[in-house]
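Trainee: This one is query-v1.cif, mmCIF, C-alpha atoms and all ligand atoms.
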data_work
loop_
_atom_site.label_atom_id
_atom_site.label_comp_id
_atom_site.auth_asym_id
_atom_site.auth_seq_id
_atom_site.Cartn_x
_atom_site.Cartn_y
_atom_site.Cartn_z
CA MET E 1 0.00 0.00 0.00
CA TYR E 2 1.08 3.55 -0.86
CA MET E 3 4.41 2.51 -2.42
CA ASP E 4 3.23 3.49 -5.90
CA THR E 5 0.54 5.95 -4.90
CA LYS E 6 0.62 9.17 -6.93
CA PRO E 7 -0.58 12.51 -5.54
CA GLU E 8 -3.36 12.54 -8.14
CA ASP E 9 -4.57 9.14 -6.85
CA LEU E 10 -5.18 10.80 -3.50
CA VAL E 11 -6.43 14.17 -4.76
CA PRO E 12 -7.92 13.49 -8.23
CA GLU E 13 -9.31 17.05 -8.37
CA LEU E 14 -5.75 18.25 -9.05
CA LYS E 15 -6.19 16.96 -12.60
CA GLN E 16 -8.57 19.86 -13.29
CA HIS E 17 -5.51 22.12 -13.36
CA ARG E 18 -2.80 22.27 -15.99
CA ARG E 19 0.63 21.40 -14.63
CA ILE E 20 4.01 21.27 -16.34
CA VAL E 21 6.83 19.22 -14.83
CA LEU E 22 9.83 21.28 -13.72
CA GLY E 23 11.17 19.45 -10.68
CA HIS E 24 12.32 16.04 -9.49
CA GLU E 25 9.49 14.58 -7.45
CA PRO E 26 8.94 12.94 -5.03
CA THR E 27 11.62 14.65 -2.95
CA PRO E 28 13.31 12.54 -0.26
CA ILE E 29 12.41 12.46 3.43
CA GLU E 30 15.37 11.93 5.79
CA LYS E 31 15.92 11.63 9.51
CA LEU E 32 17.98 14.31 11.29
CA THR E 33 19.36 12.09 14.03
CA ARG E 34 21.76 14.38 15.88
CA LEU E 35 19.74 17.58 15.80
CA GLY E 36 16.63 15.62 16.78
CA GLN E 37 18.43 13.99 19.71
CA ASN E 38 19.73 17.35 20.91
CA LEU E 39 16.25 18.80 20.81
CA GLY E 40 14.64 15.74 22.41
CA ILE E 41 12.37 14.94 19.45
CA GLU E 42 12.37 12.60 16.46
CA LEU E 43 13.15 15.02 13.65
CA TRP E 44 12.55 14.36 9.95
CA ILE E 45 13.07 16.62 6.96
CA LYS E 46 11.43 16.75 3.52
CA ARG E 47 14.04 17.88 1.03
CA ASP E 48 12.22 20.24 -1.29
CA ASP E 49 15.57 22.03 -1.50
CA CYS E 50 16.70 19.07 -3.63
CA ASN E 51 14.09 19.18 -6.39
CA GLY E 52 16.48 19.77 -9.22
CA LEU E 53 15.80 23.06 -11.00
CA ALA E 54 18.59 25.66 -10.50
CA PHE E 55 19.19 25.09 -6.75
CA GLY E 56 15.55 24.10 -6.24
CA GLY E 57 13.00 25.03 -3.61
CA ASN E 58 9.28 25.36 -3.01
CA LYS E 59 8.75 27.74 -5.94
CA VAL E 60 9.52 24.90 -8.36
CA ARG E 61 6.31 23.17 -7.27
CA GLN E 62 4.41 26.47 -7.39
CA LEU E 63 5.68 27.31 -10.89
CA GLU E 64 4.52 23.94 -12.21
CA TYR E 65 0.97 25.22 -11.78
CA TYR E 66 1.56 28.93 -12.44
CA LEU E 67 3.18 28.25 -15.80
CA GLY E 68 0.77 25.52 -16.97
CA PRO E 69 -1.83 28.05 -18.19
CA GLY E 70 0.97 30.15 -19.72
CA VAL E 71 2.14 27.20 -21.83
CA ASP E 72 -1.48 26.63 -22.95
CA ALA E 73 -1.75 30.32 -23.87
CA ASN E 74 1.39 29.94 -26.01
CA ALA E 75 3.28 32.59 -24.05
CA ASP E 76 6.92 33.36 -24.83
CA THR E 77 7.67 35.77 -21.99
CA VAL E 78 7.03 35.57 -18.25
CA LEU E 79 6.92 38.47 -15.78
CA ILE E 80 7.21 38.30 -12.01
CA THR E 81 7.92 40.66 -9.09
CA GLY E 82 9.66 39.91 -5.78
CA ALA E 83 12.22 40.95 -3.17
CA LEU E 84 15.82 41.56 -4.31
CA GLN E 85 16.87 38.11 -3.07
CA SER E 86 13.63 36.40 -4.09
CA ASN E 87 13.93 32.69 -4.77
CA PHE E 88 10.67 32.83 -6.72
CA VAL E 89 12.19 35.31 -9.15
CA ARG E 90 15.33 33.18 -9.60
CA LEU E 91 13.31 30.03 -10.24
CA THR E 92 11.00 31.85 -12.66
CA ALA E 93 14.11 32.93 -14.58
CA ALA E 94 15.26 29.30 -14.50
CA ALA E 95 11.92 27.91 -15.69
CA ALA E 96 11.85 30.49 -18.50
CA ALA E 97 15.33 29.47 -19.63
CA LYS E 98 14.22 25.83 -19.69
CA LEU E 99 11.05 26.66 -21.67
CA GLY E 100 12.90 28.92 -24.10
CA TRP E 101 11.02 32.00 -22.90
CA GLN E 102 12.24 35.43 -21.90
CA ALA E 103 11.91 36.29 -18.21
CA HIS E 104 11.28 39.85 -17.06
CA VAL E 105 11.81 40.19 -13.32
CA GLN E 106 11.02 43.19 -11.14
CA LEU E 107 12.94 43.46 -7.88
CA GLU E 108 11.38 45.31 -4.92
CA GLU E 109 13.37 47.18 -2.29
CA ARG E 110 11.88 45.15 0.58
CA VAL E 111 14.96 44.88 2.79
CA PRO E 112 16.84 48.21 2.97
CA SER E 113 20.53 47.35 2.60
CA ASP E 114 23.67 48.77 1.03
CA ASP E 115 25.48 45.48 1.47
CA GLN E 116 26.99 44.73 -1.93
CA LEU E 117 26.66 40.99 -1.46
CA TYR E 118 22.94 41.44 -0.77
CA ARG E 119 22.53 43.65 -3.82
CA LYS E 120 24.66 41.64 -6.26
CA SER E 121 25.31 38.07 -5.14
CA GLY E 122 23.08 35.05 -4.47
CA ASN E 123 19.84 35.08 -6.43
CA ILE E 124 20.66 38.34 -8.28
CA PHE E 125 23.82 36.85 -9.73
CA LEU E 126 21.79 33.82 -10.78
CA ASN E 127 19.02 35.93 -12.39
CA ASN E 128 21.67 37.50 -14.59
CA LEU E 129 23.32 34.19 -15.34
CA LEU E 130 19.94 32.70 -16.34
CA GLY E 131 19.43 35.54 -18.80
CA ALA E 132 16.57 37.41 -17.11
CA GLU E 133 15.84 41.06 -17.83
CA ILE E 134 15.81 42.95 -14.50
CA SER E 135 14.01 46.12 -13.37
CA TYR E 136 13.65 47.67 -9.90
CA PHE E 137 10.56 48.78 -7.94
CA PRO E 138 11.27 51.27 -5.13
CA GLU E 139 8.58 50.21 -2.67
CA GLY E 140 8.70 46.87 -0.82
CA GLU E 141 5.30 46.77 0.86
CA ASP E 142 3.01 47.83 -1.97
CA GLU E 143 1.85 44.48 -3.37
CA ALA E 144 -0.86 45.98 -5.60
CA GLY E 145 1.43 48.72 -6.89
CA ALA E 146 4.16 46.22 -7.77
CA ASP E 147 1.63 44.13 -9.69
CA LYS E 148 0.43 47.23 -11.56
CA ALA E 149 3.96 48.15 -12.62
CA LEU E 150 4.39 44.61 -13.89
CA ASP E 151 1.17 44.78 -15.93
CA LYS E 152 2.37 48.02 -17.48
CA ARG E 153 5.61 46.35 -18.55
CA ALA E 154 3.63 43.41 -19.96
CA LYS E 155 1.59 45.82 -22.11
CA GLU E 156 4.79 47.37 -23.46
CA LEU E 157 6.19 43.95 -24.29
CA GLU E 158 2.96 43.06 -26.05
CA GLY E 159 3.39 46.22 -28.12
CA GLU E 160 6.83 44.88 -29.09
CA GLY E 161 5.21 41.72 -30.42
CA ARG E 162 5.85 39.40 -27.49
CA ARG E 163 3.29 37.12 -25.82
CA PRO E 164 3.69 37.94 -22.11
CA TYR E 165 2.35 35.92 -19.21
CA VAL E 166 2.24 37.66 -15.82
CA ILE E 167 2.49 35.71 -12.57
CA HIS E 168 0.34 37.72 -10.14
CA LEU E 169 1.11 36.98 -6.51
CA GLY E 170 -1.16 39.60 -4.90
CA LEU E 171 -4.25 38.69 -2.92
CA GLY E 172 -6.49 39.73 -5.83
CA SER E 173 -5.38 36.75 -7.96
CA LEU E 174 -6.04 33.04 -7.56
CA PRO E 175 -3.23 31.16 -5.75
CA TYR E 176 -2.34 28.62 -8.46
CA GLY E 177 1.04 27.99 -6.86
CA GLY E 178 -0.67 26.58 -3.79
CA LEU E 179 -1.84 23.64 -5.88
CA GLY E 180 1.80 22.57 -5.93
CA TYR E 181 1.69 22.16 -2.15
CA ILE E 182 -1.66 20.37 -2.19
CA ARG E 183 0.22 17.95 -4.40
CA ALA E 184 3.26 17.97 -2.06
CA ALA E 185 1.05 17.11 0.93
CA ALA E 186 -0.38 14.12 -0.95
CA GLU E 187 3.14 13.09 -2.01
CA THR E 188 4.31 13.34 1.62
CA TYR E 189 1.33 11.37 2.90
CA ALA E 190 2.04 8.53 0.47
CA GLN E 191 5.70 8.51 1.60
CA VAL E 192 5.01 8.47 5.33
CA MET E 193 2.29 5.83 4.95
CA ALA E 194 4.60 3.62 2.86
CA SER E 195 7.39 3.90 5.45
CA GLY E 196 5.10 3.68 8.48
CA LYS E 197 6.61 6.92 9.89
CA LYS E 198 3.67 9.27 10.24
CA PRO E 199 4.69 12.55 11.89
CA ASP E 200 2.86 14.00 14.89
CA TYR E 201 3.55 17.54 13.61
CA VAL E 202 4.52 19.21 10.36
CA VAL E 203 6.46 22.51 10.56
CA ILE E 204 6.43 24.71 7.47
CA PRO E 205 7.28 28.34 6.57
CA SER E 206 4.38 30.78 6.13
CA GLY E 207 5.22 33.69 3.81
CA SER E 208 2.84 34.48 0.95
CA GLY E 209 1.10 31.49 2.51
CA LEU E 210 0.72 29.30 -0.58
CA THR E 211 3.07 26.63 0.75
CA HIS E 212 1.41 26.56 4.17
CA ALA E 213 -2.20 26.85 2.91
CA GLY E 214 -1.55 24.37 0.09
CA PHE E 215 -0.07 21.75 2.40
CA LEU E 216 -2.93 22.21 4.86
CA VAL E 217 -5.62 21.88 2.18
CA GLY E 218 -3.86 18.88 0.65
CA ALA E 219 -3.59 17.11 4.00
CA ARG E 220 -7.22 17.70 4.95
CA ALA E 221 -8.44 16.78 1.46
CA ILE E 222 -7.11 13.26 1.98
CA GLY E 223 -8.29 13.08 5.59
CA TRP E 224 -4.83 13.52 7.13
CA ASP E 225 -5.37 15.42 10.38
CA VAL E 226 -1.74 16.09 11.39
CA PRO E 227 -1.25 19.54 13.04
CA ILE E 228 0.54 21.81 10.55
CA ILE E 229 2.46 24.61 12.26
CA GLY E 230 3.16 27.62 10.06
CA ILE E 231 6.09 29.81 11.08
CA CYS E 232 5.76 33.50 10.13
CA VAL E 233 8.57 34.83 7.96
CA ARG E 234 7.04 38.18 6.94
CA ARG E 235 3.78 39.13 8.70
CA ASP E 236 2.64 38.83 12.30
CA GLN E 237 0.45 36.03 13.58
CA LYS E 238 -2.82 37.91 13.27
CA SER E 239 -2.47 39.10 9.68
CA GLN E 240 -0.92 35.79 8.64
CA THR E 241 -3.88 33.90 10.12
CA ASP E 242 -6.27 35.99 7.98
CA ARG E 243 -4.09 35.35 4.96
CA ILE E 244 -3.99 31.58 5.46
CA ARG E 245 -7.76 31.52 6.04
CA LYS E 246 -8.31 33.31 2.72
CA ARG E 247 -5.74 31.34 0.73
CA SER E 248 -6.83 27.95 2.06
CA SER E 249 -10.47 28.75 1.34
CA GLU E 250 -9.57 29.67 -2.26
CA LEU E 251 -7.42 26.57 -2.69
CA ALA E 252 -10.11 24.31 -1.25
CA GLN E 253 -12.54 25.74 -3.80
CA MET E 254 -10.02 25.23 -6.59
CA ILE E 255 -10.14 21.49 -5.88
CA SER E 256 -13.94 21.57 -5.48
CA ARG E 257 -13.79 21.01 -1.72
CA PRO E 258 -15.25 24.20 -0.22
CA ASN E 259 -15.39 24.55 3.58
CA LEU E 260 -12.59 22.02 4.03
CA ILE E 261 -10.54 24.10 6.48
CA ILE E 262 -11.76 25.18 9.90
CA ASP E 263 -10.15 27.85 12.07
CA GLN E 264 -8.62 25.26 14.43
CA ASP E 265 -6.59 23.90 11.50
CA ILE E 266 -4.71 27.18 11.20
CA ILE E 267 -1.75 27.12 13.60
CA ILE E 268 0.70 30.00 13.31
CA SER E 269 3.65 31.24 15.36
CA ASP E 270 5.42 34.58 14.84
CA LYS E 271 7.75 34.20 17.83
CA THR E 272 10.88 34.11 15.67
CA LEU E 273 9.83 36.88 13.24
CA ALA E 274 11.36 39.94 14.94
CA PRO E 275 12.88 42.28 13.83
CA GLY E 276 11.13 41.45 10.54
CA TYR E 277 11.31 40.01 7.02
CA GLY E 278 14.80 39.05 5.91
CA LYS E 279 16.47 40.38 9.07
CA MET E 280 18.71 38.32 11.33
CA ASN E 281 18.04 37.53 14.97
CA SER E 282 19.89 35.29 17.42
CA GLN E 283 17.45 32.39 17.03
CA VAL E 284 17.88 32.42 13.24
CA LYS E 285 21.66 32.47 13.58
CA GLU E 286 21.55 29.58 16.05
CA ALA E 287 19.32 27.58 13.70
CA ILE E 288 21.65 28.12 10.72
CA GLU E 289 24.74 27.06 12.66
CA LYS E 290 23.21 24.10 14.54
CA THR E 291 21.62 22.62 11.42
CA ALA E 292 24.78 23.06 9.35
CA GLN E 293 27.15 21.71 12.01
CA GLN E 294 25.03 18.82 13.26
CA GLU E 295 23.38 17.71 10.02
CA ALA E 296 25.15 19.40 7.05
CA ILE E 297 21.77 20.80 6.08
CA LEU E 298 22.02 24.39 4.85
CA LEU E 299 19.30 26.86 5.83
CA ASP E 300 18.80 30.41 4.58
CA PRO E 301 18.17 33.29 7.00
CA VAL E 302 14.94 34.55 5.37
CA TYR E 303 12.79 31.42 5.35
CA THR E 304 14.14 28.04 6.32
CA ALA E 305 16.34 29.07 9.27
CA ARG E 306 13.53 31.21 10.65
CA THR E 307 11.25 28.20 10.34
CA MET E 308 13.76 25.92 12.08
CA ALA E 309 14.12 28.61 14.78
CA GLY E 310 10.33 28.50 15.17
CA LEU E 311 10.44 24.70 15.47
CA ILE E 312 13.17 24.88 18.13
CA ASP E 313 11.15 27.52 20.00
CA GLN E 314 8.03 25.31 19.96
CA VAL E 315 10.05 22.41 21.39
CA ARG E 316 11.56 24.58 24.12
CA THR E 317 8.19 25.95 25.19
CA GLY E 318 6.63 22.48 25.14
CA GLU E 319 4.09 23.31 22.44
CA ILE E 320 5.74 20.44 20.59
CA PRO E 321 6.16 17.77 23.31
CA ARG E 322 9.38 15.84 23.92
CA GLY E 323 9.65 12.66 21.91
CA ALA E 324 7.25 13.88 19.22
CA LYS E 325 7.84 12.94 15.57
CA VAL E 326 8.25 16.22 13.70
CA LEU E 327 8.52 16.69 9.94
CA PHE E 328 10.28 19.90 8.86
CA ILE E 329 9.61 21.00 5.28
CA HIS E 330 12.85 22.39 3.76
CA THR E 331 11.65 24.83 1.12
CA GLY E 332 15.03 25.72 -0.42
CA GLY E 333 16.51 29.21 -0.60
CA ASN E 334 20.16 28.15 -0.49
CA PRO E 335 21.53 30.83 -2.90
CA ALA E 336 20.42 33.55 -0.45
CA LEU E 337 23.04 32.21 2.00
CA PHE E 338 25.75 33.83 -0.14
CA ALA E 339 23.93 37.15 -0.33
CA TYR E 340 23.57 37.11 3.47
CA GLN E 341 27.16 36.10 4.22
CA ASN E 342 28.04 39.48 5.79
CA ALA E 343 24.74 39.66 7.66
CA ILE E 344 25.23 36.17 9.12
CA GLU E 345 28.94 36.40 9.97
CA GLY E 346 28.58 39.94 11.28
CA PHE E 347 25.60 39.21 13.50
CA SER E 348 26.22 38.98 17.23
C1 LIG E 401 9.02 31.79 -0.89
C2 LIG E 401 9.70 30.92 0.06
C3 LIG E 401 9.05 30.47 1.22
C4 LIG E 401 7.65 30.90 1.59
O1 LIG E 401 6.69 30.26 0.80
P1 LIG E 401 5.27 30.90 0.60
O2 LIG E 401 4.56 29.97 -0.28
O3 LIG E 401 5.47 32.27 -0.02
O4 LIG E 401 4.64 31.07 1.94
C5 LIG E 401 9.71 29.60 2.06
N1 LIG E 401 10.98 29.21 1.79
C6 LIG E 401 11.65 29.63 0.71
C7 LIG E 401 13.06 29.18 0.52
C8 LIG E 401 11.04 30.50 -0.20
O5 LIG E 401 11.72 30.90 -1.27
#
Would you write the structure of this file as structure tokens?
Ligand SMILES: *Cc1c(COP(=O)(O)O)cnc(C)c1O
Mentor:
Amino acid sequence: MYMDTKPEDLVPELKQHRRIVLGHEPTPIEKLTRLGQNLGIELWIKRDDCNGLAFGGNKVRQLEYYLGPGVDANADTVLITGALQSNFVRLTAAAAAKLGWQAHVQLEERVPSDDQLYRKSGNIFLNNLLGAEISYFPEGEDEAGADKALDKRAKELEGEGRRPYVIHLGLGSLPYGGLGYIRAAAETYAQVMASGKKPDYVVIPSGSGLTHAGFLVGARAIGWDVPIIGICVRRDQKSQTDRIRKRSSELAQMISRPNLIIDQDIIISDKTLAPGYGKMNSQVKEAIEKTAQQEAILLDPVYTARTMAGLIDQVRTGEIPRGAKVLFIHTGGNPALFAYQNAIEGFS
């Protein structure tokens, strides 16, 4: 049972949506023996950082659904907006290169920094290497404005004879990318059922919320009631709870399962968020170093280390009890490590 189960066997409604294959799936699940022992839990990790496309990460799964409709529409250009060190932007540039499209990426000044590594290395270096065309947007917290600027650029490109496809990430557009994590939850369920190692908790980053909401909807759609703890990487607990409520409701409808998620399903901690998006704190630094030195697993300061810091905090406070089986979802982001080298080494 479950050895050969495909995500679409568990959630057949996913077949209503066009998907292109960009990543290596299923991604492996491994045990983190030493770190788990030190924390007093049984710790497992799902390696979505190892899914193949240009350093990988959760956006590979999201792009499989975002770009499906673009391929059907015969697009030849893709546009996306994100933070300077956005992994989504880098992976969109990568997917475009693979499809033979042109990528136009707009980078938002979300983390004020003059650090030349932050402004030039990591994902920005890779965007250039992958052949993307780059523009800058001065405001980091104006989601609607950034989308508007992108639409304007798409119109110009259309005037130049291109067939642009815009990936809209704002709350006004449907969260296609979340379908990738509905699929990931089903993939994970088949793996843990086949191995007999069902986790007591899943810990996952909660940013735009498509990864968190998608995994939650996927799990509940197949009747898997594991608590899924979202760790805030950008917004506080209250606004993130509203966001996950909205995104999971939309995603549940997109697989024809309205009213699937109840408020008790939405578990969110922002205790490792301060001082804010993309900024270091001592818990994040501890998580990066511990996980590297005890497991040779590399975490980035923006997302995955903050999420591991949130996991460690939940164990220390007893919200995750000693001895519990915990599955950490590694969502990628490794190139940002290089951009944050000064910020990490210089933090004390
Ligand atoms: C974007 C990103 C996240 C957050 O995912 P959302 O779907 O936006 O919540 C987590 N980890 C990494 C490495 C990312 O790039």
Trainee: Which is closest to ligand LIG 401 (chain E) among E:Asp151, E:Glu143, E:Glu25, E:Asp48, if we use only C-alpha atoms and all ligand atoms?
Mentor: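 Of all the options, E:Asp48 lies closest to ligand LIG 401 (chain E).
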Trainee: Please check which protein, DNA or RNA residues sit within 10 Å of ligand LIG 401 (chain E), counting only C-alpha atoms and all ligand atoms, and write them as number ranges by chain.
Mentor: E: 48-49, 56-62, 82-83, 85-91, 169, 175, 177-178, 180-181, 204-215, 230-234, 240, 244, 299-307, 329-336
Trainee: Within 8 Å of (16.4, 40.3, -17.7) (coordinates as in the file), grab all the protein and nucleic acid residues, counting only C-alpha atoms, and write them out as an MDAnalysis selection string.
Mentor: chainID E and resid 102:105 127:128 131:135
Trainee: Write out the residues from the selection above, keeping C-alpha atoms, as a compact mmCIF listing (two decimals), keeping the file's coordinate frame.
Mentor:
# COMPACT_ATOMS: atom_id res chain seq x y z
CA GLN E 102 12.24 35.43 -21.90
CA ALA E 103 11.91 36.29 -18.21
CA HIS E 104 11.28 39.85 -17.06
CA VAL E 105 11.81 40.19 -13.32
CA ASN E 127 19.02 35.93 -12.39
CA ASN E 128 21.67 37.50 -14.59
CA GLY E 131 19.43 35.54 -18.80
CA ALA E 132 16.57 37.41 -17.11
CA GLU E 133 15.84 41.06 -17.83
CA ILE E 134 15.81 42.95 -14.50
CA SER E 135 14.01 46.12 -13.37
Trainee: Measuring between only C-alpha atoms, which one of E:Ala73, E:Ile45, E:Val217, E:Ala287 shows the shortest distance to Tyr165 in chain E?
Mentor: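 Smallest distance to Tyr165 in chain E is found for E:Ala73.
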Trainee: Please measure the separation of CA of His168 in chain E and CA of Leu107 in chain E, giving the value in Å to one decimal.
Mentor: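 Calculated distance between CA of His168 in chain E and CA of Leu107 in chain E is 14.0 Å.
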Trainee: Between E:Leu171, E:Leu79, E:Leu179, E:Ala221, single out the one closest to Glu156 in chain E, counting all atoms listed in the file.
Mentor: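 Looking at the shortest contact to Glu156 in chain E, the residue is E:Leu79.
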Trainee: What separation in Å, quoted to one decimal, exists between CA of Val203 in chain E and CA of Val326 in chain E?
Mentor: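 Distance between the two atoms: 7.3 Å.
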Trainee: Could you check how far CA of Tyr66 in chain E sits from CA of His17 in chain E, in Å to one decimal?
Mentor: 9.9 Å
